[in-house]
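> Structure: query_5.txt, compact mmCIF, C-alpha atoms and all ligand atoms.
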```
# COMPACT_ATOMS: atom_id res chain seq x y z
CA MET X 274 -17.95 -0.24 3.82
CA ASN X 275 -17.53 -1.90 7.22
CA VAL X 276 -14.11 -3.25 7.99
CA LEU X 277 -12.66 -5.59 10.64
CA VAL X 278 -9.00 -5.76 11.57
CA ILE X 279 -8.01 -8.94 13.41
CA GLY X 280 -5.27 -8.64 16.02
CA GLY X 281 -4.32 -6.34 18.86
CA GLY X 282 -0.76 -5.11 18.40
CA GLY X 283 1.08 -2.15 16.94
CA ARG X 284 0.62 -3.49 13.43
CA GLU X 285 -3.14 -3.62 13.89
CA HIS X 286 -3.36 -0.16 15.44
CA THR X 287 -1.44 1.18 12.44
CA LEU X 288 -3.74 -0.67 10.03
CA CYS X 289 -6.79 0.80 11.81
CA TRP X 290 -5.30 4.30 11.84
CA LYS X 291 -4.62 4.13 8.11
CA ILE X 292 -7.93 2.51 7.11
CA LYS X 293 -9.88 5.05 9.18
CA GLN X 294 -8.47 7.79 6.91
CA SER X 295 -10.31 6.33 3.92
CA ASP X 296 -13.54 7.94 2.70
CA GLN X 297 -14.79 4.45 1.96
CA CYS X 298 -14.60 3.34 5.58
CA GLU X 299 -17.93 3.45 7.39
CA THR X 300 -17.54 1.50 10.63
CA LEU X 301 -14.22 0.03 11.62
CA TYR X 302 -13.88 -2.84 14.09
CA ALA X 303 -10.84 -4.44 15.72
CA ALA X 304 -10.76 -7.89 17.33
CA PRO X 305 -9.57 -7.83 20.02
CA GLY X 306 -7.78 -4.49 19.43
CA ASN X 307 -6.14 -2.49 22.20
CA ALA X 308 -6.44 0.92 23.85
CA GLY X 309 -5.05 2.53 20.67
CA THR X 310 -7.48 0.89 18.25
CA ALA X 311 -10.27 1.97 20.62
CA ASN X 312 -9.56 5.54 19.46
CA CYS X 313 -10.36 4.79 15.82
CA ALA X 314 -12.32 1.52 15.84
CA ILE X 315 -14.84 -0.42 17.88
CA ASN X 316 -13.05 -3.17 19.77
CA LEU X 317 -14.70 -6.59 19.80
CA PRO X 318 -13.58 -8.87 22.64
CA LEU X 319 -12.74 -11.87 20.44
CA SER X 320 -9.65 -14.03 20.28
CA VAL X 321 -7.87 -14.04 16.90
CA THR X 322 -8.43 -17.79 16.54
CA ASP X 323 -12.12 -17.76 17.54
CA PHE X 324 -13.25 -18.28 13.94
CA GLU X 325 -16.88 -18.84 14.85
CA GLY X 326 -17.01 -15.73 17.03
CA ILE X 327 -15.38 -13.70 14.26
CA LYS X 328 -17.80 -15.06 11.67
CA ASN X 329 -20.79 -14.21 13.88
CA ALA X 330 -19.46 -10.66 14.31
CA VAL X 331 -18.96 -10.32 10.55
CA VAL X 332 -22.60 -11.31 9.98
CA GLU X 333 -23.98 -9.20 12.84
CA TYR X 334 -22.13 -6.00 11.87
CA SER X 335 -22.38 -6.49 8.08
CA ILE X 336 -18.62 -6.44 7.68
CA ASP X 337 -17.42 -6.37 4.07
CA LEU X 338 -13.68 -6.75 4.49
CA VAL X 339 -11.54 -8.54 7.08
CA ILE X 340 -7.82 -7.83 7.38
CA VAL X 341 -5.97 -10.55 9.25
CA GLY X 342 -3.02 -9.08 11.13
CA PRO X 343 -1.19 -12.01 12.78
CA GLU X 344 -0.07 -15.32 11.28
CA GLU X 345 -1.76 -17.74 13.65
CA PRO X 346 -5.34 -17.46 12.30
CA LEU X 347 -4.01 -17.64 8.72
CA VAL X 348 -1.92 -20.74 9.36
CA LYS X 349 -4.96 -22.27 11.10
CA GLY X 350 -7.09 -21.54 8.05
CA ILE X 351 -9.34 -18.56 8.81
CA HIS X 352 -9.55 -17.67 5.11
CA ASP X 353 -10.62 -21.22 4.17
CA TYR X 354 -13.14 -21.20 7.05
CA PHE X 355 -14.80 -18.10 5.60
CA LEU X 356 -14.80 -19.46 2.04
CA GLN X 357 -16.50 -22.65 3.18
CA ASP X 358 -19.37 -20.87 4.94
CA LYS X 359 -22.07 -19.52 2.62
CA SER X 360 -23.11 -16.78 5.06
CA VAL X 361 -19.67 -15.13 4.79
CA SER X 362 -18.01 -16.56 1.67
CA HIS X 363 -18.54 -13.23 -0.17
CA VAL X 364 -16.61 -11.28 2.48
CA GLY X 365 -13.14 -10.11 1.46
CA ILE X 366 -10.36 -11.64 3.54
CA ILE X 367 -6.92 -10.09 3.34
CA GLY X 368 -4.50 -12.89 4.12
CA PRO X 369 -3.78 -16.14 2.27
CA GLN X 370 -5.57 -19.45 2.50
CA LYS X 371 -4.04 -22.22 4.58
CA ALA X 372 -2.06 -23.78 1.71
CA ALA X 373 0.00 -20.66 1.09
CA ALA X 374 0.05 -19.66 4.77
CA ASN X 375 2.23 -22.73 5.19
CA LEU X 376 5.06 -20.57 3.83
CA GLU X 377 5.17 -19.19 7.37
CA GLY X 378 3.65 -22.21 9.12
CA SER X 379 6.38 -24.62 8.01
CA LYS X 380 10.03 -23.71 7.42
CA ALA X 381 10.55 -26.98 5.50
CA PHE X 382 7.59 -26.17 3.23
CA ALA X 383 9.02 -22.69 2.59
CA LYS X 384 12.46 -24.10 1.77
CA GLU X 385 10.95 -26.64 -0.64
CA PHE X 386 8.99 -23.82 -2.29
CA MET X 387 12.13 -21.71 -2.72
CA TYR X 388 14.12 -24.61 -4.13
CA ARG X 389 11.31 -25.57 -6.51
CA HIS X 390 11.17 -22.03 -7.90
CA GLN X 391 14.91 -21.31 -7.79
CA ILE X 392 14.55 -18.49 -5.29
CA PRO X 393 17.93 -17.70 -3.67
CA THR X 394 18.12 -18.90 -0.07
CA ALA X 395 20.50 -20.73 2.30
CA SER X 396 21.16 -24.40 1.54
CA TYR X 397 19.45 -26.71 4.01
CA ALA X 398 18.31 -30.17 5.04
CA GLU X 399 15.37 -31.28 7.20
CA PHE X 400 15.36 -33.88 9.97
CA THR X 401 12.95 -35.61 12.36
CA SER X 402 13.48 -37.88 15.37
CA LYS X 403 13.68 -40.78 12.89
CA ASN X 404 16.93 -39.61 11.28
CA ILE X 405 18.56 -37.68 14.08
CA SER X 406 21.97 -39.29 13.52
CA GLU X 407 21.89 -38.11 9.91
CA GLY X 408 21.15 -34.66 11.29
CA GLU X 409 24.21 -34.87 13.53
CA ALA X 410 26.34 -35.99 10.60
CA TYR X 411 24.95 -33.10 8.53
CA LEU X 412 25.95 -30.67 11.28
CA ALA X 413 29.43 -32.18 11.41
CA ASN X 414 29.78 -31.54 7.68
CA THR X 415 28.51 -27.96 7.95
CA GLN X 416 30.57 -24.94 8.91
CA SER X 417 29.94 -23.08 12.15
CA PRO X 418 27.79 -21.14 13.04
CA TYR X 419 24.98 -23.71 12.93
CA VAL X 420 21.44 -22.53 12.19
CA LEU X 421 18.67 -24.77 13.55
CA LYS X 422 15.04 -23.93 12.89
CA ALA X 423 11.94 -25.49 14.39
CA ASP X 424 9.71 -26.27 11.41
CA GLY X 425 6.47 -24.89 12.84
CA LEU X 426 5.29 -21.68 14.50
CA ALA X 427 7.20 -21.03 17.71
CA ALA X 428 6.23 -17.45 18.62
CA GLY X 429 9.33 -16.09 16.87
CA LYS X 430 11.66 -18.13 19.09
CA GLY X 431 12.18 -21.21 16.93
CA VAL X 432 15.53 -20.24 15.38
CA VAL X 433 18.68 -21.15 17.30
CA ILE X 434 22.15 -20.17 16.07
CA LEU X 435 25.14 -21.83 17.75
CA GLU X 436 28.91 -21.68 17.28
CA ASP X 437 29.83 -24.99 18.87
CA LEU X 438 29.23 -28.30 17.08
CA GLU X 439 28.55 -30.30 20.24
CA GLU X 440 26.09 -27.64 21.45
CA ALA X 441 24.39 -27.73 18.05
CA LYS X 442 24.01 -31.52 18.24
CA LYS X 443 22.57 -31.21 21.76
CA GLU X 444 20.17 -28.53 20.55
CA LEU X 445 19.04 -30.77 17.70
CA ARG X 446 18.21 -33.48 20.25
CA ARG X 447 16.44 -30.98 22.51
CA MET X 448 14.31 -29.84 19.59
CA LEU X 449 13.51 -33.26 18.14
CA LEU X 450 13.44 -35.54 21.17
CA GLU X 451 12.57 -33.26 24.07
CA LYS X 452 10.15 -31.26 21.90
CA LYS X 453 11.73 -27.97 23.02
CA PHE X 454 9.23 -26.05 20.89
CA GLY X 455 6.42 -28.61 21.22
CA THR X 456 5.16 -30.09 17.96
CA ALA X 457 6.71 -27.10 16.14
CA SER X 458 10.10 -28.80 16.55
CA SER X 459 9.09 -32.35 15.62
CA LYS X 460 10.82 -31.43 12.36
CA VAL X 461 13.98 -29.28 12.25
CA VAL X 462 15.54 -27.45 9.33
CA ILE X 463 19.33 -27.09 9.49
CA GLU X 464 20.52 -24.28 7.31
CA GLU X 465 23.68 -22.71 5.98
CA PHE X 466 24.58 -19.58 7.96
CA LEU X 467 24.31 -16.44 5.84
CA SER X 468 26.32 -13.40 6.74
CA GLY X 469 25.01 -9.99 5.73
CA ILE X 470 22.59 -7.24 6.58
CA GLU X 471 18.88 -7.97 6.90
CA LEU X 472 15.90 -6.08 5.56
CA SER X 473 12.15 -6.58 5.35
CA CYS X 474 10.30 -6.50 2.05
CA PHE X 475 6.49 -6.33 1.89
CA VAL X 476 4.50 -7.26 -1.16
CA LEU X 477 0.75 -6.91 -1.60
CA THR X 478 -0.76 -9.35 -4.08
CA ASP X 479 -4.15 -10.40 -5.39
CA GLY X 480 -2.64 -13.64 -6.63
CA GLU X 481 -2.08 -12.31 -10.14
CA SER X 482 -0.32 -8.98 -9.92
CA TYR X 483 1.55 -7.40 -7.03
CA LEU X 484 2.76 -4.12 -5.62
CA THR X 485 5.94 -3.80 -3.59
CA LEU X 486 5.62 -1.57 -0.55
CA PRO X 487 8.55 0.46 0.79
CA MET X 488 11.44 -1.58 2.19
CA ALA X 489 12.06 -1.44 5.93
CA LYS X 490 14.69 -2.44 8.43
CA ASP X 491 13.79 -3.85 11.80
CA TYR X 492 15.98 -3.80 14.95
CA LYS X 493 15.42 -7.11 16.70
CA ARG X 494 17.77 -7.15 19.69
CA ILE X 495 16.81 -5.69 23.06
CA GLY X 496 20.11 -3.87 23.63
CA GLU X 497 21.82 -0.97 21.93
CA GLY X 498 24.42 -1.85 19.33
CA ASP X 499 22.30 -4.91 18.47
CA THR X 500 23.16 -6.83 21.61
CA GLY X 501 21.21 -9.06 23.98
CA LEU X 502 18.15 -11.19 23.45
CA ASN X 503 15.95 -11.20 20.37
CA THR X 504 12.63 -9.40 20.64
CA GLY X 505 9.65 -8.98 18.35
CA GLY X 506 11.33 -5.77 17.14
CA MET X 507 12.52 -2.65 18.98
CA GLY X 508 12.21 -0.17 16.15
CA ALA X 509 12.25 0.18 12.39
CA ILE X 510 13.09 2.59 9.63
CA SER X 511 11.94 3.00 6.03
CA PRO X 512 13.34 3.43 3.41
CA VAL X 513 16.54 1.44 3.89
CA PRO X 514 19.59 3.48 2.81
CA PHE X 515 21.62 0.48 1.60
CA VAL X 516 18.89 -0.61 -0.83
CA SER X 517 19.82 1.04 -4.12
CA GLU X 518 17.54 1.06 -7.14
CA ALA X 519 19.69 -1.65 -8.74
CA PHE X 520 19.46 -3.83 -5.63
CA GLU X 521 15.71 -3.35 -5.49
CA GLU X 522 15.45 -4.45 -9.12
CA LYS X 523 17.43 -7.56 -8.25
CA ILE X 524 15.06 -8.30 -5.38
CA ASP X 525 12.14 -7.92 -7.77
CA LYS X 526 13.59 -10.09 -10.51
CA LYS X 527 15.15 -12.86 -8.43
CA ILE X 528 12.79 -13.03 -5.48
CA ILE X 529 9.46 -11.23 -5.64
CA ARG X 530 8.39 -12.18 -9.15
CA PRO X 531 9.40 -15.85 -8.80
CA THR X 532 7.56 -15.95 -5.46
CA ILE X 533 4.29 -14.64 -6.89
CA ASP X 534 4.66 -16.77 -10.03
CA GLY X 535 5.54 -19.78 -7.87
CA LEU X 536 2.35 -19.39 -5.85
CA LYS X 537 0.38 -19.32 -9.10
CA LYS X 538 2.19 -22.33 -10.58
CA ASP X 539 1.63 -24.31 -7.39
CA GLY X 540 -2.07 -23.42 -7.42
CA MET X 541 -1.97 -21.63 -4.08
CA PRO X 542 -4.38 -18.66 -4.04
CA TYR X 543 -2.93 -15.65 -2.29
CA LYS X 544 -4.70 -12.40 -1.51
CA GLY X 545 -2.75 -10.46 1.02
CA PHE X 546 0.62 -9.31 2.24
CA VAL X 547 3.78 -11.35 1.70
CA PHE X 548 6.60 -10.43 4.08
CA ILE X 549 9.93 -11.51 2.67
CA GLY X 550 12.73 -11.47 5.23
CA LEU X 551 15.84 -10.80 3.17
CA ILE X 552 19.55 -10.77 3.77
CA LYS X 553 22.00 -8.90 1.56
CA VAL X 554 24.98 -11.18 1.07
CA GLY X 555 27.55 -9.14 -0.83
CA GLU X 556 25.39 -7.66 -3.58
CA GLU X 557 22.95 -10.57 -3.67
CA PRO X 558 19.57 -10.79 -1.94
CA LYS X 559 18.64 -14.11 -0.32
CA VAL X 560 15.48 -15.14 1.47
CA ILE X 561 15.80 -15.82 5.20
CA GLU X 562 12.10 -16.47 5.67
CA TYR X 563 8.59 -15.85 4.42
CA ASN X 564 5.83 -14.50 6.59
CA VAL X 565 2.26 -14.26 5.37
CA ARG X 566 1.42 -10.96 7.04
CA LEU X 567 2.87 -7.54 7.68
CA GLY X 568 5.78 -7.19 10.10
CA ASP X 569 5.66 -5.48 13.43
CA PRO X 570 7.16 -2.84 13.97
CA GLU X 571 7.84 -2.46 10.21
CA THR X 572 4.14 -1.70 9.62
CA GLU X 573 4.51 1.35 11.86
CA VAL X 574 6.90 2.89 9.30
CA VAL X 575 5.66 1.35 6.04
CA LEU X 576 1.97 2.30 6.25
CA PRO X 577 2.57 5.92 7.33
CA ARG X 578 4.65 6.32 4.14
CA LEU X 579 1.80 5.11 1.97
CA LYS X 580 -0.03 8.01 0.37
CA THR X 581 -2.39 5.75 -1.57
CA ASP X 582 -5.69 5.01 0.13
CA LEU X 583 -5.14 1.68 1.88
CA LEU X 584 -8.76 0.60 1.73
CA SER X 585 -8.80 1.13 -2.08
CA LEU X 586 -5.72 -1.06 -2.28
CA LEU X 587 -7.25 -3.80 -0.16
CA THR X 588 -10.58 -3.80 -1.97
CA ALA X 589 -8.63 -4.06 -5.24
CA VAL X 590 -6.85 -7.10 -3.81
CA HIS X 591 -10.17 -8.72 -2.99
CA ALA X 592 -11.58 -7.90 -6.44
CA GLY X 593 -8.43 -9.07 -8.27
CA ARG X 594 -7.89 -5.56 -9.67
CA LEU X 595 -4.58 -4.68 -8.08
CA ASN X 596 -3.08 -4.09 -11.54
CA GLU X 597 -5.26 -0.96 -11.80
CA ILE X 598 -3.63 0.75 -8.81
CA ASN X 599 -0.52 2.88 -8.57
CA LEU X 600 1.32 3.28 -5.33
CA GLU X 601 2.16 6.72 -4.09
CA ILE X 602 4.88 6.81 -1.45
CA GLU X 603 6.04 9.56 0.89
CA PRO X 604 9.74 10.08 0.06
CA LYS X 605 10.72 11.17 3.59
CA THR X 606 12.21 8.64 5.99
CA ALA X 607 9.96 7.23 8.69
CA ALA X 608 11.33 5.78 11.91
CA THR X 609 9.57 4.10 14.78
CA VAL X 610 10.96 3.52 18.27
CA MET X 611 9.34 0.87 20.45
CA ALA X 612 8.88 1.49 24.17
CA VAL X 613 8.82 -1.81 26.06
CA SER X 614 8.08 -3.06 29.57
CA GLY X 615 10.98 -3.46 32.01
CA GLY X 616 12.26 -7.04 31.85
CA TYR X 617 11.05 -7.74 28.29
CA PRO X 618 11.73 -10.04 26.39
CA GLU X 619 11.94 -12.10 29.58
CA ALA X 620 9.40 -11.85 32.41
CA TYR X 621 7.76 -8.45 32.85
CA GLU X 622 4.76 -6.99 34.68
CA LYS X 623 1.61 -5.69 33.04
CA GLY X 624 -1.02 -3.21 34.16
CA LYS X 625 1.29 -0.19 34.61
CA GLN X 626 -0.42 3.17 34.22
CA ILE X 627 0.71 5.06 31.10
CA THR X 628 0.82 8.83 31.36
CA GLY X 629 1.37 11.52 28.73
CA LEU X 630 -0.81 10.06 25.98
CA ASP X 631 -3.54 12.69 26.12
CA GLU X 632 -1.74 15.61 24.53
CA GLU X 633 -0.81 16.03 20.88
CA ILE X 634 2.62 14.46 21.09
CA GLY X 635 3.19 12.90 17.67
CA LEU X 636 2.24 9.62 16.08
CA VAL X 637 2.02 6.90 18.74
CA PHE X 638 0.81 3.40 17.92
CA HIS X 639 -0.27 1.14 20.73
CA ALA X 640 1.28 -2.33 20.73
CA GLY X 641 0.51 -3.77 24.16
CA THR X 642 -2.02 -1.61 25.95
CA ARG X 643 -5.55 -1.85 27.26
CA LEU X 644 -8.07 0.48 28.79
CA GLY X 645 -7.99 0.04 32.55
CA GLU X 646 -10.36 1.61 35.05
CA GLU X 647 -8.15 4.66 35.34
CA GLY X 648 -7.00 5.05 31.78
CA VAL X 649 -4.52 3.30 29.54
CA VAL X 650 -2.29 0.64 31.09
CA THR X 651 0.47 -1.61 29.75
CA ASP X 652 -0.65 -5.03 28.54
CA GLY X 653 2.37 -6.57 26.83
CA GLY X 654 6.13 -6.56 26.42
CA ARG X 655 6.11 -4.13 23.53
CA VAL X 656 3.88 -1.28 24.65
CA LEU X 657 4.00 1.76 22.34
CA ALA X 658 5.67 2.64 19.03
CA ALA X 659 6.45 6.30 18.35
CA THR X 660 6.71 7.03 14.61
CA SER X 661 8.16 10.21 13.09
CA PHE X 662 9.31 11.52 9.73
CA GLY X 663 12.59 13.21 8.88
CA LYS X 664 14.89 13.92 5.99
CA ASN X 665 16.94 10.93 7.19
CA SER X 666 16.50 8.24 9.82
CA ASN X 667 18.51 10.08 12.49
CA GLU X 668 16.29 13.12 12.25
CA ALA X 669 13.15 10.96 12.37
CA VAL X 670 14.38 8.86 15.29
CA ILE X 671 15.27 11.93 17.34
CA LYS X 672 11.71 13.21 16.87
CA SER X 673 10.42 9.88 18.15
CA PHE X 674 12.61 10.23 21.25
CA ARG X 675 11.02 13.66 21.86
CA THR X 676 7.61 11.98 21.68
CA LEU X 677 8.59 9.18 24.06
CA GLU X 678 10.12 11.63 26.55
CA LYS X 679 6.58 12.94 27.16
CA ILE X 680 5.25 9.46 27.91
CA ASN X 681 5.87 7.48 31.06
CA PHE X 682 5.12 4.12 32.62
CA GLU X 683 7.00 2.21 35.31
CA GLY X 684 9.93 0.27 33.82
CA MET X 685 9.65 1.92 30.37
CA TYR X 686 12.68 1.26 28.15
CA TYR X 687 13.56 1.99 24.52
CA ARG X 688 16.66 1.76 22.38
CA GLU X 689 18.27 5.09 21.64
CA ASP X 690 20.24 3.88 18.62
CA ILE X 691 17.58 2.84 16.10
CA GLY X 692 18.91 3.59 12.61
CA PHE X 693 22.19 5.02 13.91
CA ASP X 694 24.21 2.11 12.44
CA LEU X 695 23.28 3.29 8.95
P1 LIG U 701 13.50 -16.33 11.29
O1 LIG U 701 12.59 -16.69 12.43
O2 LIG U 701 13.60 -17.33 10.21
O3 LIG U 701 13.30 -14.92 10.84
O4 LIG U 701 14.96 -16.23 11.93
C1 LIG U 701 15.22 -15.34 12.99
C2 LIG U 701 16.53 -14.66 12.76
O5 LIG U 701 17.57 -15.64 12.72
C3 LIG U 701 16.64 -13.94 11.43
O6 LIG U 701 16.08 -12.68 11.50
C4 LIG U 701 18.13 -13.92 11.25
O7 LIG U 701 18.71 -12.87 11.99
C5 LIG U 701 18.56 -15.21 11.83
N1 LIG U 701 18.72 -16.22 10.77
C6 LIG U 701 17.78 -17.06 10.31
N2 LIG U 701 18.28 -17.84 9.32
C7 LIG U 701 19.57 -17.50 9.17
C8 LIG U 701 20.62 -17.93 8.31
N3 LIG U 701 20.45 -18.91 7.43
N4 LIG U 701 21.82 -17.32 8.41
C9 LIG U 701 22.02 -16.33 9.32
N5 LIG U 701 21.07 -15.89 10.15
C10 LIG U 701 19.86 -16.45 10.08
N1 LIG U 702 9.42 -7.61 12.90
C1 LIG U 702 9.47 -8.96 12.47
C2 LIG U 702 8.19 -9.65 12.43
O1 LIG U 702 7.13 -9.05 12.45
O2 LIG U 702 8.18 -10.87 12.34
```
Starting from the file, lay out its structure as structure tokens.


Amino acid sequence: MNVLVIGGGGREHTLCWKIKQSDQCETLYAAPGNAGTANCAINLPLSVTDFEGIKNAVVEYSIDLVIVGPEEPLVKGIHDYFLQDKSVSHVGIIGPQKAAANLEGSKAFAKEFMYRHQIPTASYAEFTSKNISEGEAYLANTQSPYVLKADGLAAGKGVVILEDLEEAKKELRRMLLEKKFGTASSKVVIEEFLSGIELSCFVLTDGESYLTLPMAKDYKRIGEGDTGLNTGGMGAISPVPFVSEAFEEKIDKKIIRPTIDGLKKDGMPYKGFVFIGLIKVGEEPKVIEYNVRLGDPETEVVLPRLKTDLLSLLTAVHAGRLNEINLEIEPKTAATVMAVSGGYPEAYEKGKQITGLDEEIGLVFHAGTRLGEEGVVTDGGRVLAATSFGKNSNEAVIKSFRTLEKINFEGMYYREDIGFDL
């Protein structure tokens, strides 16, 4: 079968790498892809929200299955767009329709969903410019730290956590009145601060049954010891040592099952990955957020641990036969270390020549790269993710350092402490 992966980051390169291993895969395309996907797929120069362009490509190349990597096309309704067009309505789309994609597209919608289905999460209230003084009063009655969330998509930057009440009130005004995050912050969710350790849980569902993929932990801060600005993710490990079997059962019973059942009860079709951002508060799991896609860089450790053929899994999702599939997981620990551009997550330069990629150096997924005239060059803040296996995360991470030591580009930086806190 012919397959298209939408997106151009490390997650999408990993998806392409894994799908290409399937006997069922004939021609693989990526849109727009990057220099890494170009090694295993045919890159199509299309934007991820160019629905018409994507549809035309699907028709032209007889594509049977489309895997949507990032959230933006899902929240904008790419799945619905395909279903409504007779020329492509038969094509399998991995990723939910717009209604369920709102779980990531609107924090308020996600909170209402969790409350409706008694899924453990932080207590909250939502405010707009119309009831800003109620929002200020709510803050005054809440304990510090204050968690303010722009309702809509804000490129991962829409969550602000502040210690000081007056600062929090100012931030609320900036979000609601000055539209700090554009229309994304025309509604703001104020939430109870939860203290604990975070983990990422990925579930694949066909809307009826589901399979839980290996848990992962992502390292979000730019600096070692989890300091400095938030990034898209500087590294990840899987499995997560503090997730015991008993804790995983709790996650299943209290969170995953009610989520999948809740989608069904609410009549929201869902064929795709659910990313549940969890926090372990004492011995209890609580939901921090839903995403309607795989995480990045978690994908770079989760998919390499999957022994089951990914394309068989995804075609089973499309056919509603996921209950017929068993997951086989590599028991070893996988770790990925992300090499980023100097300056990231603030301003950084692109177009830097990357050397050392030609030899057999280990598993390297491209996150922000493109093919320049003289080879592969940087094309984003997060550039390359080096994934390795080991008997524990330290062993795996050290192997990834060995890989990255052979690679070079101007300004290259990576954290040397991924997984060391565990
Ligand atoms: P989100 O965009 O919802 O994932 O939030 C970004 C980050 O903010 C999360 O990964 C957490 O580290 C933090 N965060 C979000 N909500 C809370 C909360 N209620 N309590 C503590 N930290 C939070
Ligand atoms: N690594 C977190 C995310 O993909 O949102």

> If I take CA of Ile315 (chain X) and CA of Val278 (chain X), how far is one from the other in Å, to one decimal?

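Going from CA of Ile315 (chain X) over to CA of Val278 (chain X) covers 10.1 Å.
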
> Give me, as a VMD selection string, the set of residues whose atoms come within 6 Å of any atom of ligand LIG 702 (chain U), counting all atoms listed in the file.

chain X and resid 491 505 to 506 568 to 570

> Enclose all atoms of ligand LIG 701 (chain U) listed in the file in an axis-aligned box, grow every side by 3 Å, and hand back centre and edge lengths in Å to one decimal, as AutoDock Vina command-line options.


```
--center_x 17.3 --center_y -15.8 --center_z 10.2 --size_x 15.4 --size_y 12.2 --size_z 11.6
```

> Kindly indicate which residue among X:Gly431, X:Gly455, X:Gly645, X:Gly283 lies nearest to ligand LIG 701 (chain U), using all atoms listed in the file for the distances.

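Of the candidates, the smallest distance to ligand LIG 701 (chain U) is held by X:Gly431.
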
> What is the CA of Lys293 (chain X)-CA of Gly306 (chain X) distance in Å, reported with one decimal?

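Interatomic distance, CA of Lys293 (chain X) to CA of Gly306 (chain X): 14.2 Å.
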
> Kindly output region 345-362 of chain X as a PDB file, in the coordinates of the input, after building N, CA and C atoms.


```
ATOM      1  N   GLU X 345      -1.151 -16.526  13.106  1.00  0.00           N
ATOM      2  CA  GLU X 345      -1.760 -17.740  13.650  1.00  0.00           C
ATOM      3  C   GLU X 345      -3.122 -18.077  13.023  1.00  0.00           C
ATOM      4  N   PRO X 346      -4.057 -17.112  12.935  1.00  0.00           N
ATOM      5  CA  PRO X 346      -5.340 -17.460  12.300  1.00  0.00           C
ATOM      6  C   PRO X 346      -5.184 -17.858  10.829  1.00  0.00           C
ATOM      7  N   LEU X 347      -4.211 -17.295  10.135  1.00  0.00           N
ATOM      8  CA  LEU X 347      -4.010 -17.640   8.720  1.00  0.00           C
ATOM      9  C   LEU X 347      -3.492 -19.069   8.592  1.00  0.00           C
ATOM     10  N   VAL X 348      -2.491 -19.392   9.415  1.00  0.00           N
ATOM     11  CA  VAL X 348      -1.920 -20.740   9.360  1.00  0.00           C
ATOM     12  C   VAL X 348      -2.980 -21.767   9.774  1.00  0.00           C
ATOM     13  N   LYS X 349      -3.890 -21.358  10.674  1.00  0.00           N
ATOM     14  CA  LYS X 349      -4.960 -22.270  11.100  1.00  0.00           C
ATOM     15  C   LYS X 349      -6.135 -22.274  10.135  1.00  0.00           C
ATOM     16  N   GLY X 350      -6.094 -21.429   9.110  1.00  0.00           N
ATOM     17  CA  GLY X 350      -7.090 -21.540   8.050  1.00  0.00           C
ATOM     18  C   GLY X 350      -8.309 -20.647   8.153  1.00  0.00           C
ATOM     19  N   ILE X 351      -8.161 -19.437   8.683  1.00  0.00           N
ATOM     20  CA  ILE X 351      -9.340 -18.560   8.810  1.00  0.00           C
ATOM     21  C   ILE X 351      -9.922 -18.211   7.430  1.00  0.00           C
ATOM     22  N   HIS X 352      -9.049 -18.038   6.439  1.00  0.00           N
ATOM     23  CA  HIS X 352      -9.550 -17.670   5.110  1.00  0.00           C
ATOM     24  C   HIS X 352     -10.392 -18.814   4.529  1.00  0.00           C
ATOM     25  N   ASP X 353      -9.896 -20.040   4.656  1.00  0.00           N
ATOM     26  CA  ASP X 353     -10.620 -21.220   4.170  1.00  0.00           C
ATOM     27  C   ASP X 353     -11.962 -21.368   4.913  1.00  0.00           C
ATOM     28  N   TYR X 354     -11.934 -21.104   6.230  1.00  0.00           N
ATOM     29  CA  TYR X 354     -13.140 -21.200   7.050  1.00  0.00           C
ATOM     30  C   TYR X 354     -14.218 -20.267   6.505  1.00  0.00           C
ATOM     31  N   PHE X 355     -13.833 -19.057   6.149  1.00  0.00           N
ATOM     32  CA  PHE X 355     -14.800 -18.100   5.600  1.00  0.00           C
ATOM     33  C   PHE X 355     -15.303 -18.553   4.236  1.00  0.00           C
ATOM     34  N   LEU X 356     -14.396 -19.041   3.393  1.00  0.00           N
ATOM     35  CA  LEU X 356     -14.800 -19.460   2.040  1.00  0.00           C
ATOM     36  C   LEU X 356     -15.788 -20.614   2.077  1.00  0.00           C
ATOM     37  N   GLN X 357     -15.648 -21.453   3.113  1.00  0.00           N
ATOM     38  CA  GLN X 357     -16.500 -22.650   3.180  1.00  0.00           C
ATOM     39  C   GLN X 357     -17.877 -22.375   3.773  1.00  0.00           C
ATOM     40  N   ASP X 358     -18.094 -21.167   4.279  1.00  0.00           N
ATOM     41  CA  ASP X 358     -19.370 -20.870   4.940  1.00  0.00           C
ATOM     42  C   ASP X 358     -20.158 -19.882   4.081  1.00  0.00           C
ATOM     43  N   LYS X 359     -21.310 -20.332   3.582  1.00  0.00           N
ATOM     44  CA  LYS X 359     -22.070 -19.520   2.620  1.00  0.00           C
ATOM     45  C   LYS X 359     -22.460 -18.143   3.174  1.00  0.00           C
ATOM     46  N   SER X 360     -22.660 -18.070   4.500  1.00  0.00           N
ATOM     47  CA  SER X 360     -23.110 -16.780   5.060  1.00  0.00           C
ATOM     48  C   SER X 360     -22.020 -15.710   4.989  1.00  0.00           C
ATOM     49  N   VAL X 361     -20.764 -16.117   4.812  1.00  0.00           N
ATOM     50  CA  VAL X 361     -19.670 -15.130   4.790  1.00  0.00           C
ATOM     51  C   VAL X 361     -18.686 -15.324   3.630  1.00  0.00           C
ATOM     52  N   SER X 362     -18.999 -16.241   2.720  1.00  0.00           N
ATOM     53  CA  SER X 362     -18.010 -16.560   1.670  1.00  0.00           C
ATOM     54  C   SER X 362     -17.777 -15.383   0.713  1.00  0.00           C
TER      55      SER X 362
END
```
